[in-house]
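Undergrad: Would you mind keeping the following structure in view while I ask a few things?
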Amino acid sequence: MIEYLDLLMFAALMVAVLSGFPVAFSIAGTAIVFAFLGWSLGAMNISLLGAMSQRIFGLLTNGVLIAIPLFVLMGAVLEKSRIAEEMLDKMGRSFGGLRGGLGISVVLVGMLLAASTGIVGATVIAMGMIALPTMLRSGYDPRLAAGIVCASGTLGQIIPPSTLLIILSDVISNAYQQAQYEQGKFAIDTISVGQIFAAALLPGLTMVVLYILYILLRGLARPADVPVLKDANVRLPLSEILSAILPAILLILAVLGAILSGVASPTEAASVGGLGAILMAAIKIGKARNIVLAGTVSLVLLAIGAGLYPVRLQRSDLGAFDYLIGAGYMVLTLVGALAIFLAVKQLIAQKTLQPVLNSTLTMTSMIFATILAAGIFSLVFIGLGGEERVHALLSELPGGPTGALLFCMLFIFFLGFFLDFVEIAVIVLPLVMPSLILMGHDPVWLSVLIAINLQTSFLTPPFGFSLFYLRGVAPKDLSTAQIYAGVAPFIVIQILAVAVIWFVPEIATWLPNLLF
């Protein structure tokens, strides 16, 4: 029995999580119970838990993970200020004249929300409240409508920036460093968040194309499932459409552009995204609109100017022109600060800021508590010999490196039926990734394959979170069975996307190789 404590520990974790007890406490509690059980049976050195304090300190000082609450804040502001709803309404009406146009608009808005929020729940709920009733009233097949909304919402996990990609980049980077240490390399390379974002961008857009192609083909094969909107003849002015989607596009370009170009770190870009979302929300509210808009432009000019012509006033060799530029930067800073103050004041007056902060703190606490608990779990699992067992299992599988990777992908896909992506990413991946990298697999390519695989965990019954989100806001006449049936084709599409990235790895590796 002693030699199987690691397997019993993993099985006990599955039972604890499925029992409905809070995940973080289930992970930590299981680890502590088996740590003392292993110590009492002589299977584990309890002093190994002394490394937990270092892990906690490392987590709290991890500059990469600081980007998570900032990106969550950005998404929460866009959700609570109803900017997402306006985008969906305008896009749906503009594409309504095309068969399947409303479904395509849902996918496109899901893509924009994914790139600007990275939060699956916010996207699914917003589109479930606005687009789903419209699709059902227009005669869309209920199963197809539910599938489109759920699948489009999960794009927030593969299109950067997203919390999944940030967590994944940290896990992959640690696994890559561990693999290099085991190879005897001490001048190690690392994997950055920017590389993972760049690697996921084209695959994410590929999935958007596959979703749209499916909707169009469904319209050709079964026209009754995707009818044309009845009020499709009502054309919206181009200016009205641009006013709804252009701010989000600019915010996306600012955040991703800063990261991929190397101008800013992910944390710095995330702070720009959060601030940009607050200013966007204030402009939408309309009070002191001109001042907030002027402040936004001032901050953009300040960022561009400071990058092109930095001025350090403490230097002694500055000329009159430098002081003039410095004074201009000060004016831009004051105008921007005034805009931020007015924007926050408006969000408080509209009672938007408090729910935004509540949502941000709740989600951030959940993620970090899970990561902390997973740190305890992995220490105990390693102490019980689980890491050696995983390495031995993967090395003995038939098919070599390909067989090991296929087994891991199938195992992760199976776990997605029962566990959230955070638990899988911080518990399972640190155990299998070093072995896969040692077998010769490209860590950046691996990260994209796993990210798409983890994305399916939001769609797979019975515990897919997108299904629960949609069930909470869907009309009562839309049954749970119809929601499950609706997501099935999109799960197949995501499996197809994994196969495409597997056989054409350049889709994932070309952009990061070009930029980094």
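Following the order of the structure tokens, first chain is A, next is B, and so on, with residues numbered from 1 inside each chain and ligands from 1 in the order they appear.
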Name all residues at most 8 Å from Asp420 of chain A (count only C-alpha atoms; drop same-chain ones fewer than 2 positions away) and give them as JSON, numbers by chain.
TA: {"A": [416, 418, 422, 423, 424, 457, 458, 465]}
Undergrad: For N, CA, C and O atoms, I'd like the residues from the last selection saved as an mmCIF file, in the first residue's frame.
TA:
```cif
data_model
loop_
_atom_site.group_PDB
_atom_site.id
_atom_site.type_symbol
_atom_site.label_atom_id
_atom_site.label_comp_id
_atom_site.auth_asym_id
_atom_site.auth_seq_id
_atom_site.Cartn_x
_atom_site.Cartn_y
_atom_site.Cartn_z
ATOM 1 N N GLY A 416 -10.782 17.292 -18.151
ATOM 2 C CA GLY A 416 -11.597 18.468 -18.444
ATOM 3 C C GLY A 416 -13.082 18.257 -18.233
ATOM 4 O O GLY A 416 -13.837 19.222 -18.087
ATOM 5 N N PHE A 418 -14.288 16.996 -15.623
ATOM 6 C CA PHE A 418 -14.568 17.071 -14.191
ATOM 7 C C PHE A 418 -13.894 18.246 -13.487
ATOM 8 O O PHE A 418 -14.375 18.682 -12.437
ATOM 9 N N VAL A 422 -7.830 25.742 -14.157
ATOM 10 C CA VAL A 422 -6.816 26.154 -13.182
ATOM 11 C C VAL A 422 -6.262 24.932 -12.450
ATOM 12 O O VAL A 422 -5.036 24.780 -12.299
ATOM 13 N N GLU A 423 -7.153 24.039 -11.993
ATOM 14 C CA GLU A 423 -6.684 22.852 -11.289
ATOM 15 C C GLU A 423 -5.809 21.982 -12.183
ATOM 16 O O GLU A 423 -4.754 21.485 -11.751
ATOM 17 N N ILE A 424 -6.221 21.799 -13.439
ATOM 18 C CA ILE A 424 -5.435 20.972 -14.356
ATOM 19 C C ILE A 424 -4.074 21.617 -14.611
ATOM 20 O O ILE A 424 -3.033 20.951 -14.616
ATOM 21 N N SER A 457 -12.417 22.060 -21.762
ATOM 22 C CA SER A 457 -12.967 21.753 -20.434
ATOM 23 C C SER A 457 -14.138 22.663 -20.085
ATOM 24 O O SER A 457 -14.937 22.338 -19.201
ATOM 25 N N PHE A 458 -14.243 23.817 -20.766
ATOM 26 C CA PHE A 458 -15.379 24.706 -20.528
ATOM 27 C C PHE A 458 -16.635 24.223 -21.252
ATOM 28 O O PHE A 458 -17.728 24.704 -20.970
ATOM 29 N N PHE A 465 -17.921 24.781 -17.475
ATOM 30 C CA PHE A 465 -18.364 26.026 -16.845
ATOM 31 C C PHE A 465 -19.200 26.884 -17.794
ATOM 32 O O PHE A 465 -20.129 27.568 -17.364
#
```
Undergrad: Just the residues within 10 Å of Asp170 of chain A, please, counting only C-alpha atoms, with nothing from its chain fewer than 2 positions along; format it as an MDAnalysis selection string.
TA: chainID A and resid 62 64:65 165:168 172:176 190:193 196 425:426
Undergrad: For each of A:Phe516, A:Tyr140, A:Tyr211, A:Tyr4, take the minimum atom-to-atom distance to Pro227 of chain A, counting only C-alpha atoms, then give the residue where this is smallest.
TA: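 Selected residue with least distance to Pro227 of chain A: A:Tyr140.
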Undergrad: Name the residues in contact with segment 351-353 of chain A at a cut-off of 8 Å, using only C-alpha atoms, excluding same-chain residues fewer than 4 positions from it; report them as a PyMOL selection string.
TA: chain A and resi 77+80-81+344+347+357
Undergrad: Using only C-alpha atoms for the distances, tell me which of A:Leu302, A:Met14, A:Met87, A:Leu393 is nearest to Leu415 of chain A.
TA: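 Smallest distance to Leu415 of chain A is found for A:Met14.
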Undergrad: For the atom pair atom CA of Leu419 of chain A and atom CA of Leu13 of chain A, what is the interatomic distance in Å to one decimal place?
TA: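 A separation of 10.7 Å between them.
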Undergrad: Nearest to Leu446 of chain A: which of A:Leu155, A:Ala485, A:Val171, A:Ile491 is it, counting only C-alpha atoms?
TA: A:Val171
Undergrad: Can you list every residue of segment 339-383 of chain A that has an atom at most 12 Å from segment 122-137 of chain A, with its nearest atom pair and the distance in Å to one decimal, using only C-alpha atoms, ordered by chain then number, as a tab-separated table?
TA:
```
residue	atom	partner	partner_atom	distance
A:Val356	CA	A:Ala122	CA	11.5
A:Ser359	CA	A:Ala122	CA	10.2
A:Thr360	CA	A:Ala122	CA	11.7
A:Met363	CA	A:Ala122	CA	11.6
```
Undergrad: Just the selected residues (N, CA, C and O atoms), exported as a PDB file, in the first residue's frame, please.
TA:
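Result went into again11.pdb, see below:
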```pdb
ATOM      1  N   VAL A 356     -17.412  45.780  -9.840  1.00  0.00           N
ATOM      2  CA  VAL A 356     -16.194  45.482 -10.604  1.00  0.00           C
ATOM      3  C   VAL A 356     -15.095  44.986  -9.665  1.00  0.00           C
ATOM      4  O   VAL A 356     -14.447  43.965  -9.925  1.00  0.00           O
ATOM      5  N   SER A 359     -15.958  41.518  -8.187  1.00  0.00           N
ATOM      6  CA  SER A 359     -15.722  40.462  -9.176  1.00  0.00           C
ATOM      7  C   SER A 359     -14.229  40.194  -9.339  1.00  0.00           C
ATOM      8  O   SER A 359     -13.791  39.037  -9.394  1.00  0.00           O
ATOM      9  N   THR A 360     -13.446  41.259  -9.396  1.00  0.00           N
ATOM     10  CA  THR A 360     -11.992  41.108  -9.570  1.00  0.00           C
ATOM     11  C   THR A 360     -11.367  40.392  -8.384  1.00  0.00           C
ATOM     12  O   THR A 360     -10.565  39.452  -8.553  1.00  0.00           O
ATOM     13  N   MET A 363     -12.491  36.527  -8.222  1.00  0.00           N
ATOM     14  CA  MET A 363     -11.832  35.651  -9.192  1.00  0.00           C
ATOM     15  C   MET A 363     -10.330  35.546  -8.918  1.00  0.00           C
ATOM     16  O   MET A 363      -9.756  34.455  -8.993  1.00  0.00           O
TER      17      MET A 363
END
```
Undergrad: Dump as a tab-separated table the rows for residues of segment 336-380 of chain A within 12 Å of segment 18-22 of chain A: closest atom pair and distance in Å with one decimal, only C-alpha atoms counted, ordered by chain and rising residue number.
TA:
```
residue	atom	partner	partner_atom	distance
A:Met366	CA	A:Pro22	CA	9.6
A:Ala369	CA	A:Pro22	CA	10.4
A:Thr370	CA	A:Pro22	CA	9.7
A:Ala373	CA	A:Pro22	CA	11.4
```
Undergrad: List every residue of segment 165-212 of chain A that DSSP, applied to the backbone of this structure, places in helix (DSSP H, G or I), and write the result as a PyMOL selection string.
TA: chain A and resi 165-182+193-212
Undergrad: Limited to N, CA and C atoms, could you put the picked residues into a file as a short mmCIF file (atom, residue, chain, number, x, y, z; two decimals), in the first residue's frame?
TA:
```
data_model
loop_
_atom_site.label_atom_id
_atom_site.label_comp_id
_atom_site.auth_asym_id
_atom_site.auth_seq_id
_atom_site.Cartn_x
_atom_site.Cartn_y
_atom_site.Cartn_z
N LEU A 165 -3.58 31.56 -20.36
CA LEU A 165 -2.27 31.67 -21.01
C LEU A 165 -1.22 32.21 -20.04
N ILE A 166 -1.63 33.10 -19.14
CA ILE A 166 -0.67 33.63 -18.16
C ILE A 166 -0.23 32.53 -17.20
N ILE A 167 -1.21 31.77 -16.67
CA ILE A 167 -0.87 30.66 -15.77
C ILE A 167 -0.04 29.62 -16.52
N LEU A 168 -0.45 29.32 -17.76
CA LEU A 168 0.24 28.32 -18.56
C LEU A 168 1.68 28.74 -18.85
N SER A 169 1.90 30.02 -19.12
CA SER A 169 3.26 30.48 -19.41
C SER A 169 4.16 30.29 -18.19
N ASP A 170 3.63 30.54 -17.00
CA ASP A 170 4.42 30.34 -15.78
C ASP A 170 4.75 28.87 -15.57
N VAL A 171 3.75 28.00 -15.78
CA VAL A 171 3.96 26.56 -15.61
C VAL A 171 4.95 26.04 -16.65
N ILE A 172 4.77 26.44 -17.91
CA ILE A 172 5.65 25.98 -18.99
C ILE A 172 7.08 26.46 -18.76
N SER A 173 7.22 27.72 -18.34
CA SER A 173 8.56 28.26 -18.10
C SER A 173 9.27 27.49 -17.00
N ASN A 174 8.57 27.19 -15.90
CA ASN A 174 9.18 26.42 -14.82
C ASN A 174 9.56 25.01 -15.27
N ALA A 175 8.65 24.39 -16.05
CA ALA A 175 8.93 23.04 -16.55
C ALA A 175 10.12 23.04 -17.51
N TYR A 176 10.21 24.06 -18.34
CA TYR A 176 11.31 24.18 -19.29
C TYR A 176 12.65 24.35 -18.55
N GLN A 177 12.64 25.15 -17.50
CA GLN A 177 13.86 25.33 -16.70
C GLN A 177 14.25 24.03 -16.00
N GLN A 178 13.24 23.33 -15.46
CA GLN A 178 13.53 22.05 -14.79
C GLN A 178 14.11 21.05 -15.77
N ALA A 179 13.56 20.99 -16.99
CA ALA A 179 14.06 20.07 -18.00
C ALA A 179 15.51 20.39 -18.37
N GLN A 180 15.84 21.67 -18.45
CA GLN A 180 17.21 22.06 -18.79
C GLN A 180 18.17 21.71 -17.66
N TYR A 181 17.74 21.86 -16.39
CA TYR A 181 18.58 21.47 -15.26
C TYR A 181 18.88 19.97 -15.31
N GLU A 182 17.84 19.18 -15.63
CA GLU A 182 18.02 17.73 -15.69
C GLU A 182 18.93 17.33 -16.84
N VAL A 193 5.72 35.27 -21.21
CA VAL A 193 4.30 35.40 -21.50
C VAL A 193 4.09 35.89 -22.93
N GLY A 194 4.96 36.80 -23.38
CA GLY A 194 4.84 37.31 -24.74
C GLY A 194 4.95 36.20 -25.77
N GLN A 195 5.85 35.24 -25.56
CA GLN A 195 5.98 34.12 -26.49
C GLN A 195 4.71 33.27 -26.53
N ILE A 196 4.13 33.02 -25.38
CA ILE A 196 2.90 32.21 -25.33
C ILE A 196 1.74 32.98 -25.98
N PHE A 197 1.66 34.28 -25.72
CA PHE A 197 0.62 35.09 -26.35
C PHE A 197 0.76 35.06 -27.87
N ALA A 198 1.99 35.24 -28.34
CA ALA A 198 2.23 35.23 -29.78
C ALA A 198 1.90 33.87 -30.38
N ALA A 199 2.25 32.80 -29.67
CA ALA A 199 1.99 31.45 -30.17
C ALA A 199 0.50 31.15 -30.24
N ALA A 200 -0.28 31.70 -29.32
CA ALA A 200 -1.72 31.40 -29.26
C ALA A 200 -2.54 32.26 -30.20
N LEU A 201 -1.98 33.35 -30.71
CA LEU A 201 -2.77 34.30 -31.49
C LEU A 201 -3.31 33.69 -32.77
N LEU A 202 -2.44 33.13 -33.60
CA LEU A 202 -2.90 32.55 -34.87
C LEU A 202 -3.79 31.32 -34.66
N PRO A 203 -3.47 30.40 -33.74
CA PRO A 203 -4.41 29.30 -33.47
C PRO A 203 -5.77 29.78 -33.01
N GLY A 204 -5.80 30.84 -32.19
CA GLY A 204 -7.08 31.39 -31.76
C GLY A 204 -7.89 31.91 -32.92
N LEU A 205 -7.24 32.63 -33.83
CA LEU A 205 -7.94 33.13 -35.02
C LEU A 205 -8.34 31.97 -35.93
N THR A 206 -7.54 30.91 -35.96
CA THR A 206 -7.91 29.72 -36.74
C THR A 206 -9.20 29.12 -36.21
N MET A 207 -9.35 29.09 -34.90
CA MET A 207 -10.58 28.55 -34.32
C MET A 207 -11.78 29.43 -34.66
N VAL A 208 -11.58 30.75 -34.68
CA VAL A 208 -12.65 31.66 -35.08
C VAL A 208 -13.10 31.34 -36.50
N VAL A 209 -12.14 31.14 -37.39
CA VAL A 209 -12.45 30.81 -38.79
C VAL A 209 -13.20 29.48 -38.87
N LEU A 210 -12.77 28.49 -38.10
CA LEU A 210 -13.45 27.18 -38.12
C LEU A 210 -14.88 27.30 -37.61
N TYR A 211 -15.10 28.10 -36.58
CA TYR A 211 -16.46 28.31 -36.07
C TYR A 211 -17.35 28.95 -37.15
N ILE A 212 -16.82 29.98 -37.81
CA ILE A 212 -17.60 30.68 -38.83
C ILE A 212 -17.89 29.77 -40.01
#
```
Undergrad: Tell me which protein, DNA and RNA residues are within 8 Å of Leu5 of chain A, counting only C-alpha atoms, leaving out same-chain ones fewer than 2 positions away, and put them as a list in words.
TA: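 The filter keeps Met1, Ile2, Glu3, Leu7, Leu8, Met9, Phe34, Gly38 and Leu384 of chain A.
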Undergrad: Output all heavy atoms for every residue in that selection, as a tab-separated table (two decimals), in the first residue's frame.
TA:
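And here's selection.tsv as it stands now:
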```tsv
chain	number	residue	atom	x	y	z
A	1	MET	N	0.83	-1.22	0.00
A	1	MET	CA	0.00	0.00	0.00
A	1	MET	C	0.86	1.26	0.00
A	1	MET	O	0.53	2.24	-0.64
A	1	MET	CB	-0.92	0.00	1.21
A	1	MET	CG	-1.72	1.29	1.38
A	1	MET	SD	-2.72	1.27	2.88
A	1	MET	CE	-3.34	2.95	2.88
A	2	ILE	N	2.01	1.19	0.73
A	2	ILE	CA	2.83	2.39	0.87
A	2	ILE	C	3.31	2.90	-0.48
A	2	ILE	O	3.33	4.10	-0.74
A	2	ILE	CB	4.02	2.09	1.81
A	2	ILE	CG1	3.53	1.77	3.22
A	2	ILE	CG2	4.97	3.29	1.84
A	2	ILE	CD1	4.64	1.42	4.18
A	3	GLU	N	3.68	1.97	-1.39
A	3	GLU	CA	4.22	2.39	-2.67
A	3	GLU	C	3.16	2.99	-3.59
A	3	GLU	O	3.50	3.57	-4.64
A	3	GLU	CB	4.91	1.20	-3.36
A	3	GLU	CG	3.99	0.04	-3.68
A	3	GLU	CD	3.95	-1.00	-2.55
A	3	GLU	OE1	4.25	-0.63	-1.40
A	3	GLU	OE2	3.62	-2.16	-2.83
A	7	LEU	N	-0.72	7.43	-5.92
A	7	LEU	CA	-1.92	7.18	-6.73
A	7	LEU	C	-3.18	7.35	-5.89
A	7	LEU	O	-4.18	7.91	-6.37
A	7	LEU	CB	-1.86	5.77	-7.32
A	7	LEU	CG	-0.70	5.48	-8.28
A	7	LEU	CD1	-0.77	4.05	-8.79
A	7	LEU	CD2	-0.73	6.46	-9.46
A	8	LEU	N	-3.14	6.87	-4.65
A	8	LEU	CA	-4.30	7.04	-3.76
A	8	LEU	C	-4.54	8.53	-3.48
A	8	LEU	O	-5.70	8.96	-3.37
A	8	LEU	CB	-4.07	6.28	-2.45
A	8	LEU	CG	-4.06	4.75	-2.54
A	8	LEU	CD1	-3.68	4.15	-1.20
A	8	LEU	CD2	-5.43	4.25	-2.99
A	9	MET	N	-3.48	9.28	-3.38
A	9	MET	CA	-3.60	10.72	-3.13
A	9	MET	C	-4.31	11.41	-4.30
A	9	MET	O	-5.20	12.24	-4.09
A	9	MET	CB	-2.21	11.32	-2.92
A	9	MET	CG	-2.19	12.83	-2.70
A	9	MET	SD	-0.50	13.41	-2.53
A	9	MET	CE	-0.78	15.18	-2.40
A	34	PHE	N	-2.38	13.37	3.34
A	34	PHE	CA	-1.46	12.35	2.82
A	34	PHE	C	-0.02	12.64	3.22
A	34	PHE	O	0.80	11.71	3.26
A	34	PHE	CB	-1.60	12.24	1.31
A	34	PHE	CG	-2.71	11.31	0.88
A	34	PHE	CD1	-4.02	11.75	0.83
A	34	PHE	CD2	-2.44	9.99	0.57
A	34	PHE	CE1	-5.04	10.90	0.45
A	34	PHE	CE2	-3.45	9.12	0.20
A	34	PHE	CZ	-4.77	9.57	0.14
A	38	GLY	N	1.86	9.71	4.88
A	38	GLY	CA	3.14	9.23	4.36
A	38	GLY	C	4.24	9.31	5.39
A	38	GLY	O	5.11	8.42	5.48
A	384	LEU	N	6.06	11.67	-2.09
A	384	LEU	CA	5.57	10.29	-2.08
A	384	LEU	C	6.05	9.49	-3.30
A	384	LEU	O	5.64	8.33	-3.47
A	384	LEU	CB	4.04	10.28	-2.04
A	384	LEU	CG	3.40	10.82	-0.76
A	384	LEU	CD1	1.89	10.90	-0.90
A	384	LEU	CD2	3.79	9.97	0.45
```
Undergrad: Given the choices A:Leu220, A:His391, A:Phe71, A:Leu324, which gets closest to Glu268 of chain A if the distance is worked out from only C-alpha atoms?
TA: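 For Glu268 of chain A, the nearest of the candidates is A:Phe71.
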Undergrad: Let me make sure I understand: among A:Ala67, A:Val272, A:Ala145, A:Val106, which one has the smallest atom-to-atom distance to Leu299 of chain A if we use only C-alpha atoms?
TA: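 Result for the nearest residue to Leu299 of chain A: A:Val272.
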Undergrad: Here is a test: counting only C-alpha atoms, which residue of A:Leu144, A:Leu59, A:Ala488, A:Leu308 is nearest to Gly100 of chain A?
TA: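 So, comparing all the options, the nearest one is A:Leu144.
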Undergrad: Please report, as JSON lines, each residue of segment 14-104 of chain A lying at most 8 Å from segment 241-245 of chain A, together with the nearest pair of atoms and the separation in Å rounded to one decimal; use only C-alpha atoms, and order rows by chain and ascending residue number.
TA:
```
{"residue": "A:Ile83", "atom": "CA", "partner": "A:Ala244", "partner_atom": "CA", "distance": 7.8}
{"residue": "A:Glu86", "atom": "CA", "partner": "A:Ala244", "partner_atom": "CA", "distance": 6.3}
{"residue": "A:Met87", "atom": "CA", "partner": "A:Ala244", "partner_atom": "CA", "distance": 5.2}
{"residue": "A:Lys90", "atom": "CA", "partner": "A:Ile241", "partner_atom": "CA", "distance": 5.8}
{"residue": "A:Met91", "atom": "CA", "partner": "A:Ile241", "partner_atom": "CA", "distance": 7.0}
{"residue": "A:Ser94", "atom": "CA", "partner": "A:Ile241", "partner_atom": "CA", "distance": 7.7}
```
Undergrad: Can you write just those residues out, N, CA, C and O atoms, as a PDB file, in the first residue's frame?
TA:
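Produced file out_31.pdb, reproduced below:
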```pdb
ATOM      1  N   ILE A  83     -20.455  47.594 -22.096  1.00  0.00           N
ATOM      2  CA  ILE A  83     -19.815  47.847 -23.386  1.00  0.00           C
ATOM      3  C   ILE A  83     -19.941  46.618 -24.279  1.00  0.00           C
ATOM      4  O   ILE A  83     -20.163  46.724 -25.492  1.00  0.00           O
ATOM      5  N   GLU A  86     -23.353  46.438 -26.009  1.00  0.00           N
ATOM      6  CA  GLU A  86     -23.493  47.368 -27.134  1.00  0.00           C
ATOM      7  C   GLU A  86     -22.794  46.827 -28.382  1.00  0.00           C
ATOM      8  O   GLU A  86     -23.323  46.916 -29.486  1.00  0.00           O
ATOM      9  N   MET A  87     -21.602  46.253 -28.194  1.00  0.00           N
ATOM     10  CA  MET A  87     -20.889  45.667 -29.330  1.00  0.00           C
ATOM     11  C   MET A  87     -21.707  44.563 -29.969  1.00  0.00           C
ATOM     12  O   MET A  87     -21.839  44.482 -31.195  1.00  0.00           O
ATOM     13  N   LYS A  90     -24.823  45.944 -31.960  1.00  0.00           N
ATOM     14  CA  LYS A  90     -24.483  46.598 -33.237  1.00  0.00           C
ATOM     15  C   LYS A  90     -23.975  45.589 -34.262  1.00  0.00           C
ATOM     16  O   LYS A  90     -24.363  45.630 -35.449  1.00  0.00           O
ATOM     17  N   MET A  91     -23.130  44.663 -33.839  1.00  0.00           N
ATOM     18  CA  MET A  91     -22.596  43.666 -34.767  1.00  0.00           C
ATOM     19  C   MET A  91     -23.698  42.734 -35.264  1.00  0.00           C
ATOM     20  O   MET A  91     -23.749  42.379 -36.443  1.00  0.00           O
ATOM     21  N   SER A  94     -25.742  44.488 -37.890  1.00  0.00           N
ATOM     22  CA  SER A  94     -25.017  44.757 -39.129  1.00  0.00           C
ATOM     23  C   SER A  94     -24.825  43.501 -39.972  1.00  0.00           C
ATOM     24  O   SER A  94     -24.764  43.573 -41.199  1.00  0.00           O
TER      25      SER A  94
END
```
Undergrad: Using only C-alpha atoms, what table do you get, as JSON lines, when you list each residue of segment 382-488 of chain A with an atom no more than 6 Å from segment 147-150 of chain A, its nearest pair of atoms, and their distance in Å rounded to one decimal, rows by chain then rising number?
TA:
```
{"residue": "A:Ser466", "atom": "CA", "partner": "A:Cys150", "partner_atom": "CA", "distance": 5.5}
{"residue": "A:Gly486", "atom": "CA", "partner": "A:Gly147", "partner_atom": "CA", "distance": 4.2}
{"residue": "A:Val487", "atom": "CA", "partner": "A:Gly147", "partner_atom": "CA", "distance": 4.2}
```
